[in-house]
>>> print(open('work-v7.cif').read())   # mmCIF, C-alpha atoms and all ligand atoms
data_protein
#
loop_
_atom_site.label_atom_id
_atom_site.label_comp_id
_atom_site.auth_asym_id
_atom_site.auth_seq_id
_atom_site.Cartn_x
_atom_site.Cartn_y
_atom_site.Cartn_z
CA MET B 1 0.00 0.00 0.00
CA LYS B 2 2.77 2.34 0.96
CA THR B 3 4.52 1.53 -2.32
CA LYS B 4 1.36 2.42 -4.27
CA VAL B 5 1.03 5.75 -2.48
CA PHE B 6 4.69 6.43 -3.13
CA LEU B 7 4.34 5.59 -6.83
CA LEU B 8 1.26 7.80 -7.14
CA ALA B 9 3.17 10.65 -5.53
CA LEU B 10 6.09 10.04 -7.88
CA VAL B 11 3.82 10.06 -10.94
CA LEU B 12 2.16 13.28 -9.74
CA ALA B 13 5.56 14.86 -9.14
CA LEU B 14 6.72 13.86 -12.62
CA MET B 15 3.51 15.23 -14.15
CA THR B 16 3.94 18.50 -12.28
CA GLN B 17 7.52 18.74 -13.55
CA ALA B 18 6.33 18.07 -17.09
CA VAL B 19 3.75 20.84 -16.82
CA THR B 20 6.36 23.23 -15.46
CA ALA B 21 8.76 22.42 -18.30
CA PHE B 22 5.96 22.89 -20.82
CA ALA B 23 5.12 26.32 -19.44
CA ALA B 24 8.69 27.58 -19.27
CA PRO B 25 9.53 30.20 -21.90
CA ARG B 26 12.07 29.43 -24.56
CA ILE B 27 15.11 31.71 -24.64
CA ASN B 28 18.32 31.99 -26.64
CA THR B 29 21.16 34.24 -25.45
CA PHE B 30 23.70 32.74 -27.91
CA GLU B 31 26.14 32.33 -25.02
CA ARG B 32 26.68 28.55 -25.32
CA PRO B 33 28.02 27.91 -28.86
CA ALA B 34 31.70 28.38 -29.71
CA ARG B 35 32.33 31.92 -30.90
CA GLY B 36 33.45 32.36 -34.48
CA SER B 37 31.40 29.40 -35.74
CA ALA B 38 28.25 29.10 -37.84
CA TYR B 39 25.01 28.63 -35.93
CA THR B 40 23.71 25.63 -37.82
CA LEU B 41 20.35 23.94 -37.36
CA SER B 42 21.98 21.34 -35.09
CA GLU B 43 23.43 24.15 -32.93
CA TRP B 44 19.92 25.66 -32.68
CA ALA B 45 18.67 22.20 -31.64
CA THR B 46 21.37 21.87 -28.97
CA ASP B 47 19.95 25.06 -27.46
CA GLY B 48 16.39 23.67 -27.58
CA TRP B 49 15.16 25.27 -30.79
CA ASN B 50 14.17 22.75 -33.47
CA ALA B 51 13.32 23.27 -37.13
CA PRO B 52 12.78 20.76 -39.96
CA TRP B 53 14.74 22.83 -42.52
CA ASP B 54 16.70 26.04 -42.91
CA GLN B 55 18.22 28.34 -45.48
CA GLY B 56 21.51 30.10 -44.81
CA MET B 57 22.05 29.03 -41.19
CA SER B 58 25.23 27.06 -42.02
CA THR B 59 26.58 29.56 -44.57
CA ARG B 60 25.51 33.07 -43.49
CA THR B 61 25.38 32.97 -39.69
CA TRP B 62 28.23 33.54 -37.25
CA ILE B 63 28.44 33.49 -33.45
CA ASP B 64 29.94 36.89 -32.64
CA GLY B 65 31.98 36.67 -29.46
CA TYR B 66 34.22 39.57 -30.44
CA ASN B 67 32.31 42.70 -31.41
CA PHE B 68 28.66 43.13 -30.45
CA ASN B 69 26.16 41.56 -28.09
CA HIS B 70 23.10 42.59 -26.15
CA SER B 71 23.70 40.12 -23.35
CA GLY B 72 26.76 38.32 -22.06
CA GLY B 73 29.68 37.98 -24.47
CA GLN B 74 28.02 36.69 -27.65
CA SER B 75 25.27 37.20 -30.21
CA LEU B 76 24.12 35.83 -33.57
CA ARG B 77 25.25 37.71 -36.70
CA VAL B 78 23.44 37.16 -40.01
CA PHE B 79 25.03 38.11 -43.34
CA TYR B 80 23.27 39.77 -46.29
CA PRO B 81 25.76 39.88 -49.18
CA LYS B 82 25.96 42.85 -51.51
CA GLY B 83 23.82 42.44 -54.63
CA LYS B 84 22.02 39.31 -53.37
CA PHE B 85 18.32 38.89 -52.68
CA GLY B 86 15.88 36.12 -51.75
CA PRO B 87 16.30 33.47 -49.03
CA GLU B 88 18.56 31.26 -51.18
CA ASP B 89 21.33 33.87 -51.28
CA SER B 90 20.58 36.35 -48.51
CA GLY B 91 20.09 36.11 -44.74
CA ALA B 92 18.67 33.03 -43.02
CA GLN B 93 15.42 31.17 -42.48
CA ALA B 94 14.22 28.39 -40.17
CA PRO B 95 10.70 27.61 -38.92
CA LEU B 96 11.47 26.94 -35.24
CA ALA B 97 8.82 24.70 -33.70
CA LEU B 98 6.68 25.87 -30.78
CA THR B 99 4.17 23.98 -28.68
CA PRO B 100 0.91 25.00 -30.39
CA GLY B 101 -0.83 27.84 -28.58
CA ARG B 102 -3.57 30.35 -29.36
CA GLU B 103 -1.59 33.34 -28.10
CA TYR B 104 2.18 33.83 -28.11
CA TYR B 105 4.65 36.57 -27.23
CA LEU B 106 7.95 36.74 -29.16
CA SER B 107 10.79 39.08 -28.21
CA TYR B 108 14.23 39.70 -29.67
CA TRP B 109 16.96 42.32 -29.73
CA VAL B 110 18.34 43.39 -33.08
CA ARG B 111 21.20 45.57 -34.30
CA PHE B 112 21.75 46.67 -37.91
CA SER B 113 25.34 47.16 -39.09
CA SER B 114 26.39 50.82 -39.02
CA ASP B 115 26.59 50.95 -42.85
CA PHE B 116 23.53 48.75 -43.43
CA SER B 117 22.07 49.20 -46.93
CA TRP B 118 18.25 49.30 -46.87
CA GLY B 119 17.92 48.42 -50.57
CA THR B 120 16.18 50.58 -53.08
CA THR B 121 12.60 49.35 -53.23
CA GLU B 122 9.61 50.25 -51.10
CA PHE B 123 9.35 46.76 -49.55
CA SER B 124 12.97 45.98 -48.91
CA GLY B 125 13.53 43.08 -46.54
CA LYS B 126 12.40 40.84 -43.71
CA ILE B 127 13.95 40.93 -40.27
CA GLY B 128 14.23 38.52 -37.41
CA LEU B 129 11.55 36.17 -36.19
CA GLY B 130 7.83 36.16 -36.80
CA LEU B 131 4.96 33.97 -35.65
CA ALA B 132 3.16 31.50 -37.89
CA GLY B 133 0.89 28.49 -37.79
CA GLY B 134 -0.50 25.67 -39.93
CA ALA B 135 0.78 25.84 -43.51
CA ALA B 136 2.04 29.40 -42.78
CA CYS B 137 0.21 31.23 -45.61
CA SER B 138 2.73 33.68 -47.14
CA GLY B 139 4.57 34.48 -50.39
CA GLY B 140 1.64 35.82 -52.43
CA GLN B 141 -0.80 33.08 -51.41
CA ALA B 142 -4.48 33.60 -50.69
CA CYS B 143 -5.16 32.61 -47.09
CA THR B 144 -8.22 30.39 -47.06
CA GLY B 145 -8.43 29.74 -43.34
CA TYR B 146 -7.13 26.21 -44.01
CA ASN B 147 -3.55 27.01 -45.10
CA GLY B 148 -2.35 28.80 -41.99
CA PHE B 149 -1.06 32.31 -41.41
CA SER B 150 2.15 34.25 -40.87
CA SER B 151 3.21 37.54 -39.32
CA ARG B 152 6.76 38.82 -39.77
CA MET B 153 8.66 42.06 -39.28
CA ILE B 154 9.95 43.92 -42.36
CA TRP B 155 11.83 47.08 -43.15
CA LEU B 156 10.64 49.46 -45.83
CA SER B 157 12.67 51.97 -47.82
CA GLY B 158 14.95 54.00 -45.58
CA GLY B 159 14.57 51.50 -42.75
CA ARG B 160 10.97 52.24 -41.76
CA ALA B 161 9.72 49.42 -39.52
CA ALA B 162 6.54 47.49 -40.27
CA ILE B 163 4.69 44.26 -39.49
CA TYR B 164 3.79 42.15 -42.55
CA TYR B 165 1.01 39.63 -42.06
CA TYR B 166 -1.00 37.12 -44.05
CA HIS B 167 -4.59 36.59 -42.91
CA MET B 168 -7.87 35.63 -44.57
CA GLY B 169 -8.79 39.21 -45.41
CA HIS B 170 -5.59 40.61 -46.87
CA ALA B 171 -6.42 43.14 -49.56
CA GLY B 172 -4.01 42.38 -52.41
CA VAL B 173 -2.03 39.42 -53.72
CA TYR B 174 0.53 39.96 -50.97
CA GLY B 175 -0.06 40.28 -47.26
CA ASP B 176 -1.00 43.47 -45.46
CA TYR B 177 1.48 45.62 -43.60
CA THR B 178 1.23 48.17 -40.82
CA VAL B 179 3.99 50.69 -40.21
CA LEU B 180 5.15 50.94 -36.59
CA LYS B 181 4.38 54.32 -35.00
CA ASN B 182 5.93 56.35 -32.23
CA ALA B 183 3.63 57.67 -29.51
CA ASN B 184 3.43 61.01 -31.39
CA GLY B 185 2.18 59.25 -34.55
CA SER B 186 5.40 59.49 -36.56
CA ASP B 187 6.80 56.43 -38.35
CA ILE B 188 9.43 54.37 -36.57
CA SER B 189 12.65 53.80 -38.54
CA TYR B 190 15.28 51.30 -37.45
CA PRO B 191 18.53 52.89 -36.32
CA LYS B 192 21.92 51.59 -37.50
CA GLY B 193 24.57 50.50 -35.02
CA THR B 194 22.19 50.38 -32.02
CA TRP B 195 20.35 47.53 -30.30
CA VAL B 196 16.55 47.78 -30.35
CA ASN B 197 13.92 45.43 -28.95
CA ILE B 198 10.92 44.06 -30.86
CA VAL B 199 8.08 42.19 -29.18
CA GLN B 200 5.24 40.66 -31.15
CA ARG B 201 2.04 39.23 -29.70
CA LEU B 202 -0.25 37.19 -31.93
CA LYS B 203 -3.61 35.78 -30.92
CA VAL B 204 -5.32 33.37 -33.30
CA ASN B 205 -9.05 33.96 -33.85
CA THR B 206 -11.62 31.61 -32.40
CA VAL B 207 -13.68 29.39 -34.71
CA THR B 208 -17.39 28.61 -34.40
CA ASN B 209 -18.86 25.85 -36.58
CA GLY B 210 -16.09 26.29 -39.16
CA ASN B 211 -16.50 30.08 -39.27
CA ALA B 212 -13.61 32.35 -38.34
CA ASN B 213 -14.62 34.87 -35.70
CA PRO B 214 -12.97 38.29 -36.25
CA ASP B 215 -11.16 38.27 -32.92
CA GLY B 216 -7.57 37.59 -34.01
CA GLU B 217 -4.99 40.17 -32.95
CA ILE B 218 -1.41 41.26 -33.62
CA GLN B 219 0.40 43.73 -31.40
CA ILE B 220 3.96 45.05 -31.68
CA TRP B 221 6.07 46.80 -29.06
CA TYR B 222 9.21 48.71 -30.02
CA ASN B 223 11.66 49.20 -27.14
CA GLY B 224 8.88 48.35 -24.70
CA THR B 225 6.30 50.81 -26.10
CA SER B 226 3.26 49.72 -28.10
CA ALA B 227 3.89 50.60 -31.76
CA ALA B 228 1.12 48.74 -33.65
CA SER B 229 -2.14 47.08 -32.67
CA ILE B 230 -4.24 45.28 -35.26
CA THR B 231 -7.56 43.75 -34.21
CA GLY B 232 -10.51 42.10 -35.93
CA LEU B 233 -8.28 39.62 -37.77
CA ARG B 234 -9.37 36.26 -39.14
CA PHE B 235 -6.52 33.79 -39.58
CA VAL B 236 -8.08 30.30 -39.53
CA ARG B 237 -11.30 28.33 -39.99
CA ASN B 238 -9.70 25.16 -38.64
CA GLY B 239 -7.78 24.26 -35.49
CA ASP B 240 -4.43 25.76 -36.52
CA LEU B 241 -2.68 27.62 -33.72
CA VAL B 242 0.64 29.45 -33.45
CA ASP B 243 3.12 26.58 -33.83
CA ARG B 244 6.40 28.14 -34.90
CA ALA B 245 8.71 31.08 -34.33
CA TYR B 246 9.61 31.72 -37.92
CA PHE B 247 13.17 33.01 -38.32
CA SER B 248 12.81 34.69 -41.70
CA SER B 249 15.25 37.40 -42.69
CA PHE B 250 16.49 38.23 -46.18
CA PHE B 251 16.47 41.00 -48.77
CA GLY B 252 13.51 40.86 -51.15
CA GLY B 253 11.56 40.44 -53.03
CA ALA B 254 12.30 38.72 -56.28
CA THR B 255 14.39 41.20 -58.29
CA ASP B 256 17.88 42.58 -57.75
CA SER B 257 16.45 46.04 -57.07
CA PHE B 258 15.76 44.66 -53.59
CA ALA B 259 19.43 43.85 -52.98
CA PRO B 260 21.76 45.79 -50.65
CA ALA B 261 24.34 48.11 -52.22
CA ASN B 262 27.06 46.82 -49.84
CA ASP B 263 27.63 43.80 -47.60
CA SER B 264 25.22 44.17 -44.67
CA TYR B 265 24.75 42.43 -41.32
CA ILE B 266 22.11 42.13 -38.62
CA TRP B 267 22.94 40.98 -35.09
CA TYR B 268 20.36 39.16 -32.95
CA ASP B 269 20.35 38.42 -29.24
CA ASP B 270 18.08 37.36 -26.38
CA LEU B 271 15.29 35.64 -28.31
CA LYS B 272 12.35 34.84 -26.04
CA VAL B 273 9.07 33.08 -26.79
CA SER B 274 6.31 32.51 -24.27
CA THR B 275 2.56 32.17 -23.95
CA ASN B 276 2.81 34.26 -20.77
CA ARG B 277 3.31 38.01 -21.05
CA ALA B 278 4.91 38.07 -17.58
CA ASP B 279 7.88 36.12 -19.01
CA ILE B 280 8.75 39.01 -21.35
CA CYS B 281 10.42 41.42 -18.92
CA GLU B 282 11.17 43.73 -21.86
CA LEU B 283 7.49 44.76 -21.48
CA SER B 284 7.83 45.53 -17.76
CA PRO B 285 8.11 49.16 -16.66
CA GLY B 286 11.83 49.91 -16.78
CA GLY B 287 12.53 46.74 -18.78
CA CYS B 288 14.46 43.74 -17.50
CA TYR B 289 16.11 44.26 -14.11
CA THR B 290 19.87 44.59 -14.50
CA ARG B 291 22.72 45.69 -12.25
CA LEU B 292 26.46 45.93 -12.81
CA PHE B 293 28.96 45.59 -9.97
CA GLN B 294 32.57 46.69 -10.19
CA ALA B 295 34.56 43.85 -8.65
CA GLU B 296 36.59 46.33 -6.59
CA ASP B 297 33.40 47.63 -4.92
CA TYR B 298 33.06 44.49 -2.78
CA THR B 299 31.78 44.90 0.77
CA ALA B 300 33.88 42.06 2.18
CA MET B 301 36.66 39.79 0.91
CA SER B 302 39.21 37.16 1.68
CA GLY B 303 42.62 36.78 0.04
CA VAL B 304 42.36 39.11 -2.98
CA ILE B 305 43.96 42.42 -4.07
CA LYS B 306 42.79 45.47 -6.04
CA GLU B 307 44.92 46.67 -8.95
CA PRO B 308 44.65 48.99 -11.98
CA THR B 309 42.95 47.01 -14.76
CA PRO B 310 44.35 46.68 -18.29
CA ASP B 311 40.79 46.00 -19.52
CA THR B 312 38.89 48.45 -21.73
CA GLY B 313 37.30 51.19 -19.66
CA GLY B 314 40.08 51.24 -17.10
CA GLY B 315 39.50 51.50 -13.37
CA GLN B 316 40.46 48.62 -11.13
CA ASN B 317 40.07 44.87 -11.15
CA VAL B 318 40.30 42.35 -8.35
CA GLY B 319 43.17 39.93 -8.73
CA SER B 320 45.05 37.19 -6.95
CA PHE B 321 42.04 34.88 -6.67
CA ASP B 322 43.49 31.66 -5.30
CA SER B 323 41.30 28.64 -4.69
CA GLY B 324 39.06 29.42 -1.70
CA ASP B 325 39.35 33.22 -1.99
CA TRP B 326 36.15 35.25 -2.27
CA ILE B 327 34.57 38.68 -2.53
CA ALA B 328 31.07 39.55 -1.27
CA PHE B 329 28.49 42.19 -2.20
CA GLY B 330 26.04 42.90 0.62
CA ASN B 331 22.57 44.39 0.66
CA VAL B 332 21.63 43.66 -2.96
CA ASN B 333 17.88 43.77 -3.52
CA ILE B 334 16.48 41.35 -6.08
CA PRO B 335 12.90 42.51 -6.67
CA SER B 336 11.53 39.31 -8.22
CA ALA B 337 12.49 35.64 -8.34
CA GLY B 338 13.43 34.25 -11.72
CA THR B 339 16.06 33.13 -14.19
CA TYR B 340 18.96 35.55 -14.44
CA LEU B 341 21.99 35.83 -16.71
CA VAL B 342 25.12 36.44 -14.65
CA GLU B 343 28.12 37.82 -16.55
CA TYR B 344 31.74 37.98 -15.39
CA ARG B 345 34.47 40.05 -17.01
CA VAL B 346 37.56 37.92 -16.51
CA ALA B 347 41.16 37.30 -17.50
CA THR B 348 42.75 33.91 -16.83
CA LEU B 349 45.57 31.80 -18.21
CA THR B 350 44.74 28.32 -16.96
CA GLY B 351 41.57 27.18 -18.70
CA ASN B 352 40.36 25.48 -15.51
CA ALA B 353 39.65 28.40 -13.17
CA ARG B 354 36.15 28.08 -11.74
CA ILE B 355 33.85 30.81 -10.37
CA SER B 356 31.04 29.99 -7.96
CA LEU B 357 28.20 32.39 -7.19
CA ASP B 358 26.40 32.06 -3.87
CA ILE B 359 24.06 33.70 -1.38
CA ASN B 360 23.50 33.01 2.34
CA GLU B 361 27.23 33.23 3.08
CA GLY B 362 28.06 30.40 0.75
CA LYS B 363 25.33 28.06 1.97
CA THR B 364 23.27 28.46 -1.24
CA VAL B 365 25.34 28.00 -4.38
CA LEU B 366 23.47 29.55 -7.33
CA GLY B 367 25.82 28.19 -9.99
CA GLN B 368 29.39 27.56 -11.07
CA LEU B 369 31.23 28.32 -14.28
CA THR B 370 34.59 27.14 -15.67
CA LEU B 371 36.44 30.02 -17.31
CA PRO B 372 38.08 29.73 -20.74
CA ASN B 373 41.73 30.68 -21.11
CA THR B 374 41.70 34.32 -22.28
CA GLY B 375 45.32 34.15 -23.52
CA SER B 376 46.81 36.97 -21.45
CA TRP B 377 46.27 38.84 -18.17
CA SER B 378 45.53 41.96 -20.23
CA ASN B 379 42.98 40.23 -22.46
CA TYR B 380 39.57 40.18 -20.78
CA ARG B 381 36.52 38.28 -21.92
CA THR B 382 32.87 38.30 -20.80
CA VAL B 383 31.55 34.88 -19.82
CA SER B 384 28.14 34.05 -18.37
CA HIS B 385 25.80 31.48 -16.95
CA GLN B 386 22.10 31.28 -16.13
CA VAL B 387 21.03 30.91 -12.50
CA GLN B 388 17.82 30.99 -10.48
CA ILE B 389 17.77 33.81 -7.92
CA PRO B 390 15.09 34.12 -5.22
CA ALA B 391 13.53 37.51 -4.48
CA GLY B 392 14.87 39.38 -1.46
CA THR B 393 17.86 41.27 -0.15
CA HIS B 394 20.95 39.12 -0.56
CA GLN B 395 24.66 39.12 0.05
CA PHE B 396 26.19 37.69 -3.11
CA GLY B 397 29.48 35.84 -2.86
CA ILE B 398 31.88 35.27 -5.74
CA TYR B 399 34.02 32.35 -4.68
CA ALA B 400 37.08 30.91 -6.39
CA ALA B 401 36.20 27.21 -6.49
CA THR B 402 39.40 26.94 -8.50
CA GLY B 403 41.64 30.01 -8.44
CA GLY B 404 43.73 31.70 -11.11
CA PHE B 405 41.63 34.55 -12.52
CA ASP B 406 41.20 38.33 -12.36
CA LEU B 407 37.74 39.92 -12.30
CA ASN B 408 36.98 43.45 -13.56
CA TRP B 409 33.19 43.52 -13.11
CA TRP B 410 30.15 41.28 -12.93
CA LYS B 411 26.55 41.84 -13.84
CA ILE B 412 23.13 40.29 -13.26
CA THR B 413 20.25 40.66 -15.72
CA LYS B 414 16.79 39.14 -15.46
CA LEU B 415 15.92 36.87 -18.39
CA TYR B 416 12.42 35.84 -17.26
CA CA C 501 24.11 37.11 -25.77
CA CA C 502 36.48 47.14 -12.23
#
>>> encode(input="work-v7.cif", output="structure tokens", more="lines below")
Ligand SMILES: [Ca+2]
Ligand SMILES: [Ca+2]
Amino acid sequence: MKTKVFLLALVLALMTQAVTAFAAPRINTFERPARGSAYTLSEWATDGWNAPWDQGMSTRTWIDGYNFNHSGGQSLRVFYPKGKFGPEDSGAQAPLALTPGREYYLSYWVRFSSDFSWGTTEFSGKIGLGLAGGAACSGGQACTGYNGFSSRMIWLSGGRAAIYYYHMGHAGVYGDYTVLKNANGSDISYPKGTWVNIVQRLKVNTVTNGNANPDGEIQIWYNGTSAASITGLRFVRNGDLVDRAYFSSFFGGATDSFAPANDSYIWYDDLKVSTNRADICELSPGGCYTRLFQAEDYTAMSGVIKEPTPDTGGGQNVGSFDSGDWIAFGNVNIPSAGTYLVEYRVATLTGNARISLDINEGKTVLGQLTLPNTGSWSNYRTVSHQVQIPAGTHQFGIYAATGGFDLNWWKITKLY
């Protein structure tokens, strides 16, 4: 009898875990893959994002661990060669599978290269990820309510930002588009050389007796502010739901007038997809909680020294971390529990130095990270890991589980 009760409890616990895993948002910070490599479909899959096919992921993507990122030390760079257009020769595509849901939120950070060429036509190119379902009606198709739907971000001439969507009522051969607007009513244009955040929410219409009710919706936020809201949409007459985050970015269009005048790049970072708005902290007032700590501003320590840092930005770093040494940062308020990215700016020559982050005077270890050899004491690199942090006022400890590194600064940023 006791065994049966135990087994029942075990099954319930496993079911609860499964539900929790199902509800967790999907995120990609591009921190795991080796920098300087292509981000192929199998690399996407290793990070939990699966697609049945792709275009350009193995040939025109690159994990940037050297120049630009929004979080941590890395991001995804996509290449749009001069004079090329269409998904065969420009950018990258992959329909990344989602658990089907009626309503989804999709967030990503994007940065255009500082000499990005917008192309010469009115409808110039597609950017980043969109949301789609069923057979993903697109590409000049009529959407019947049985062949799915799609909703992707585009840029227009001069970099004006718009949402481009295929639904049952689109007016012409191609989908409809809505230009993103600032609060004062002016058009939003993408900047070059600066990170911006895009959030899309799509809600599939309900269906009654095979009829599409006009209650589908698309909403776009630009840097946390609502920039487009489209209601009354009819996407489906069948049971299709949002079932993919559609990475779809290329120039065109079908003629070379769409092509860029010079080699162009877009960087992507911090992709998030969730059915729960609360998981998208980019939509919270003030955005995602983040705080940077200079290592030398510790409130207590054991065994380390402060010294002028050779790292960019100057100031001081903390050095002489031997195994068992630590620095602590007291009275740090974490307003909400969640998953956080913790970054460390380090130099180390061993390849086996190991940082441990803790609270409760070392009694609660939040996570550990082995540091890559940075090649020289004057060559710093940003490395990161994801940890769960409870809400409250904490004293954080940075502990040298294995010594042999210098630390310039560290930073915590809420992911969800
Ligand atoms: Ca990143
Ligand atoms: Ca410092």
>>> closest_residue(input="work-v7.cif", among="B:Leu131, B:Ala295, B:Ala337, B:Val204", to="ligand CA 502 (chain C)", atoms="all atoms listed in the file")
B:Ala295
>>> closest_residue(input="work-v7.cif", among="B:Gly367, B:Pro308, B:Gly175, B:Gly169", to="B:Leu233", atoms="all atoms listed in the file")
B:Gly169
>>> closest_atom_pairs(input="work-v7.cif", of="chain B", to="ligand CA 501 (chain C)", cutoff="7 Å", atoms="only C-alpha atoms and all ligand atoms", output="CSV")
residue,atom,partner,partner_atom,distance
B:Thr29,CA,C:CA501,CA,4.1
B:Phe30,CA,C:CA501,CA,4.9
B:Glu31,CA,C:CA501,CA,5.2
B:Asn69,CA,C:CA501,CA,5.4
B:His70,CA,C:CA501,CA,5.6
B:Ser71,CA,C:CA501,CA,3.9
B:Gly72,CA,C:CA501,CA,4.7
B:Gly73,CA,C:CA501,CA,5.8
B:Gln74,CA,C:CA501,CA,4.4
B:Ser75,CA,C:CA501,CA,4.6
B:Asp269,CA,C:CA501,CA,5.3
B:Asp270,CA,C:CA501,CA,6.1
>>> closest_residue(input="work-v7.cif", among="B:Leu366, B:Val342, B:Ile280, B:Val304", to="B:Ala400", atoms="all atoms listed in the file")
B:Val304
>>> residues_around(input="work-v7.cif", residues="B:Phe68", least_positions_apart="6", cutoff="12 Å", atoms="all atoms listed in the file", output="ChimeraX atom specification")
/B:30,35,62,74-77,109-114,193-195,265-269,382
>>> residues_near_ligand(input="work-v7.cif", ligand="ligand CA 502 (chain C)", cutoff="7 Å", atoms="all atoms listed in the file", output="PyMOL selection string")
chain B and resi 294-296+309+315-317+408-409
>>> residues_around(input="work-v7.cif", residues="B:Arg26", least_positions_apart="4", cutoff="12 Å", atoms="all atoms listed in the file", output="ChimeraX atom specification")
/B:21-22,44,47-50,96-99,104-108,244-245,270-276,279-280,339,415-416
>>> residues_around(input="work-v7.cif", residues="stretch 252-258 of chain B", least_positions_apart="5", cutoff="10 Å", atoms="only C-alpha atoms", output="JSON, numbers by chain")
{"B": [83, 84, 85, 86, 87, 90, 118, 119, 120, 121, 122, 123, 124, 125, 126, 139, 154, 157]}
>>> residues_near_point(input="work-v7.cif", point="(29.5, 32.9, -2.2)", cutoff="10 Å", atoms="all atoms listed in the file", output="PDB file with C-alpha atoms, in the coordinates of the input")
ATOM      1  CA  ASP B 325      39.350  33.220  -1.990  1.00  0.00           C
ATOM      2  CA  TRP B 326      36.150  35.250  -2.270  1.00  0.00           C
ATOM      3  CA  ILE B 327      34.570  38.680  -2.530  1.00  0.00           C
ATOM      4  CA  ALA B 328      31.070  39.550  -1.270  1.00  0.00           C
ATOM      5  CA  PHE B 329      28.490  42.190  -2.200  1.00  0.00           C
ATOM      6  CA  ILE B 355      33.850  30.810 -10.370  1.00  0.00           C
ATOM      7  CA  SER B 356      31.040  29.990  -7.960  1.00  0.00           C
ATOM      8  CA  LEU B 357      28.200  32.390  -7.190  1.00  0.00           C
ATOM      9  CA  ASP B 358      26.400  32.060  -3.870  1.00  0.00           C
ATOM     10  CA  ILE B 359      24.060  33.700  -1.380  1.00  0.00           C
ATOM     11  CA  ASN B 360      23.500  33.010   2.340  1.00  0.00           C
ATOM     12  CA  GLU B 361      27.230  33.230   3.080  1.00  0.00           C
ATOM     13  CA  GLY B 362      28.060  30.400   0.750  1.00  0.00           C
ATOM     14  CA  LYS B 363      25.330  28.060   1.970  1.00  0.00           C
ATOM     15  CA  THR B 364      23.270  28.460  -1.240  1.00  0.00           C
ATOM     16  CA  VAL B 365      25.340  28.000  -4.380  1.00  0.00           C
ATOM     17  CA  LEU B 366      23.470  29.550  -7.330  1.00  0.00           C
ATOM     18  CA  GLY B 367      25.820  28.190  -9.990  1.00  0.00           C
ATOM     19  CA  GLN B 395      24.660  39.120   0.050  1.00  0.00           C
ATOM     20  CA  PHE B 396      26.190  37.690  -3.110  1.00  0.00           C
ATOM     21  CA  GLY B 397      29.480  35.840  -2.860  1.00  0.00           C
ATOM     22  CA  ILE B 398      31.880  35.270  -5.740  1.00  0.00           C
ATOM     23  CA  TYR B 399      34.020  32.350  -4.680  1.00  0.00           C
ATOM     24  CA  ALA B 400      37.080  30.910  -6.390  1.00  0.00           C
ATOM     25  CA  ALA B 401      36.200  27.210  -6.490  1.00  0.00           C
TER      26      ALA B 401
END
>>> atom_distance(input="work-v7.cif", atom1="atom CA of B:Thr225", atom2="atom CA of B:Ala278")
15.4 Å
>>> residues_around(input="work-v7.cif", residues="B:Asn223", least_positions_apart="5", cutoff="10 Å", atoms="only C-alpha atoms", output="list of chain:residue names")
B:Trp109, B:Trp195, B:Val196, B:Asn197, B:Ile198, B:Val199, B:Glu282, B:Leu283, B:Gly287
>>> atom_distance(input="work-v7.cif", atom1="atom CA of B:Phe79", atom2="atom CA of B:Glu343")
27.0 Å
>>> closest_residue(input="work-v7.cif", among="B:Ser264, B:Ser42, B:Thr206, B:Ser150", to="B:Ile218", atoms="all atoms listed in the file")
B:Ser150
>>> residues_around(input="work-v7.cif", residues="B:Phe293", least_positions_apart="3", cutoff="8 Å", atoms="all atoms listed in the file", output="PyMOL selection string")
chain B and resi 297+409-411
>>> write_last_selection(input="work-v7.cif", atoms="C-alpha atoms", output="compact mmCIF listing (two decimals), keeping the file's coordinate frame")
# COMPACT_ATOMS: atom_id res chain seq x y z
CA ASP B 297 33.40 47.63 -4.92
CA TRP B 409 33.19 43.52 -13.11
CA TRP B 410 30.15 41.28 -12.93
CA LYS B 411 26.55 41.84 -13.84
>>> atom_distance(input="work-v7.cif", atom1="atom CA of B:Gly286", atom2="atom CA of B:Asn182")
17.7 Å
>>> closest_residue(input="work-v7.cif", among="B:Pro191, B:Gly210, B:Gly239, B:Gly130", to="B:Pro100", atoms="all atoms listed in the file")
B:Gly239
>>> closest_residue(input="work-v7.cif", among="B:Phe405, B:Tyr298, B:Tyr340, B:Phe250", to="B:Trp377", atoms="only C-alpha atoms")
B:Phe405
>>> build_atoms(input="work-v7.cif", residues="stretch 210-215 of chain B", atoms="N, CA and C atoms", output="mmCIF file, in the coordinates of the input")
data_model
loop_
_atom_site.group_PDB
_atom_site.id
_atom_site.type_symbol
_atom_site.label_atom_id
_atom_site.label_comp_id
_atom_site.auth_asym_id
_atom_site.auth_seq_id
_atom_site.Cartn_x
_atom_site.Cartn_y
_atom_site.Cartn_z
ATOM 1 N N GLY B 210 -16.848 26.121 -37.915
ATOM 2 C CA GLY B 210 -16.090 26.290 -39.160
ATOM 3 C C GLY B 210 -16.017 27.726 -39.643
ATOM 4 N N ASN B 211 -16.603 28.667 -38.899
ATOM 5 C CA ASN B 211 -16.500 30.080 -39.270
ATOM 6 C C ASN B 211 -15.456 30.770 -38.405
ATOM 7 N N ALA B 212 -14.641 31.609 -39.056
ATOM 8 C CA ALA B 212 -13.610 32.350 -38.340
ATOM 9 C C ALA B 212 -14.233 33.575 -37.696
ATOM 10 N N ASN B 213 -14.147 33.657 -36.373
ATOM 11 C CA ASN B 213 -14.620 34.870 -35.700
ATOM 12 C C ASN B 213 -13.558 35.957 -35.815
ATOM 13 N N PRO B 214 -13.965 37.217 -36.043
ATOM 14 C CA PRO B 214 -12.970 38.290 -36.250
ATOM 15 C C PRO B 214 -12.390 38.788 -34.926
ATOM 16 N N ASP B 215 -11.729 37.868 -34.205
ATOM 17 C CA ASP B 215 -11.160 38.270 -32.920
ATOM 18 C C ASP B 215 -9.660 37.915 -32.828
#
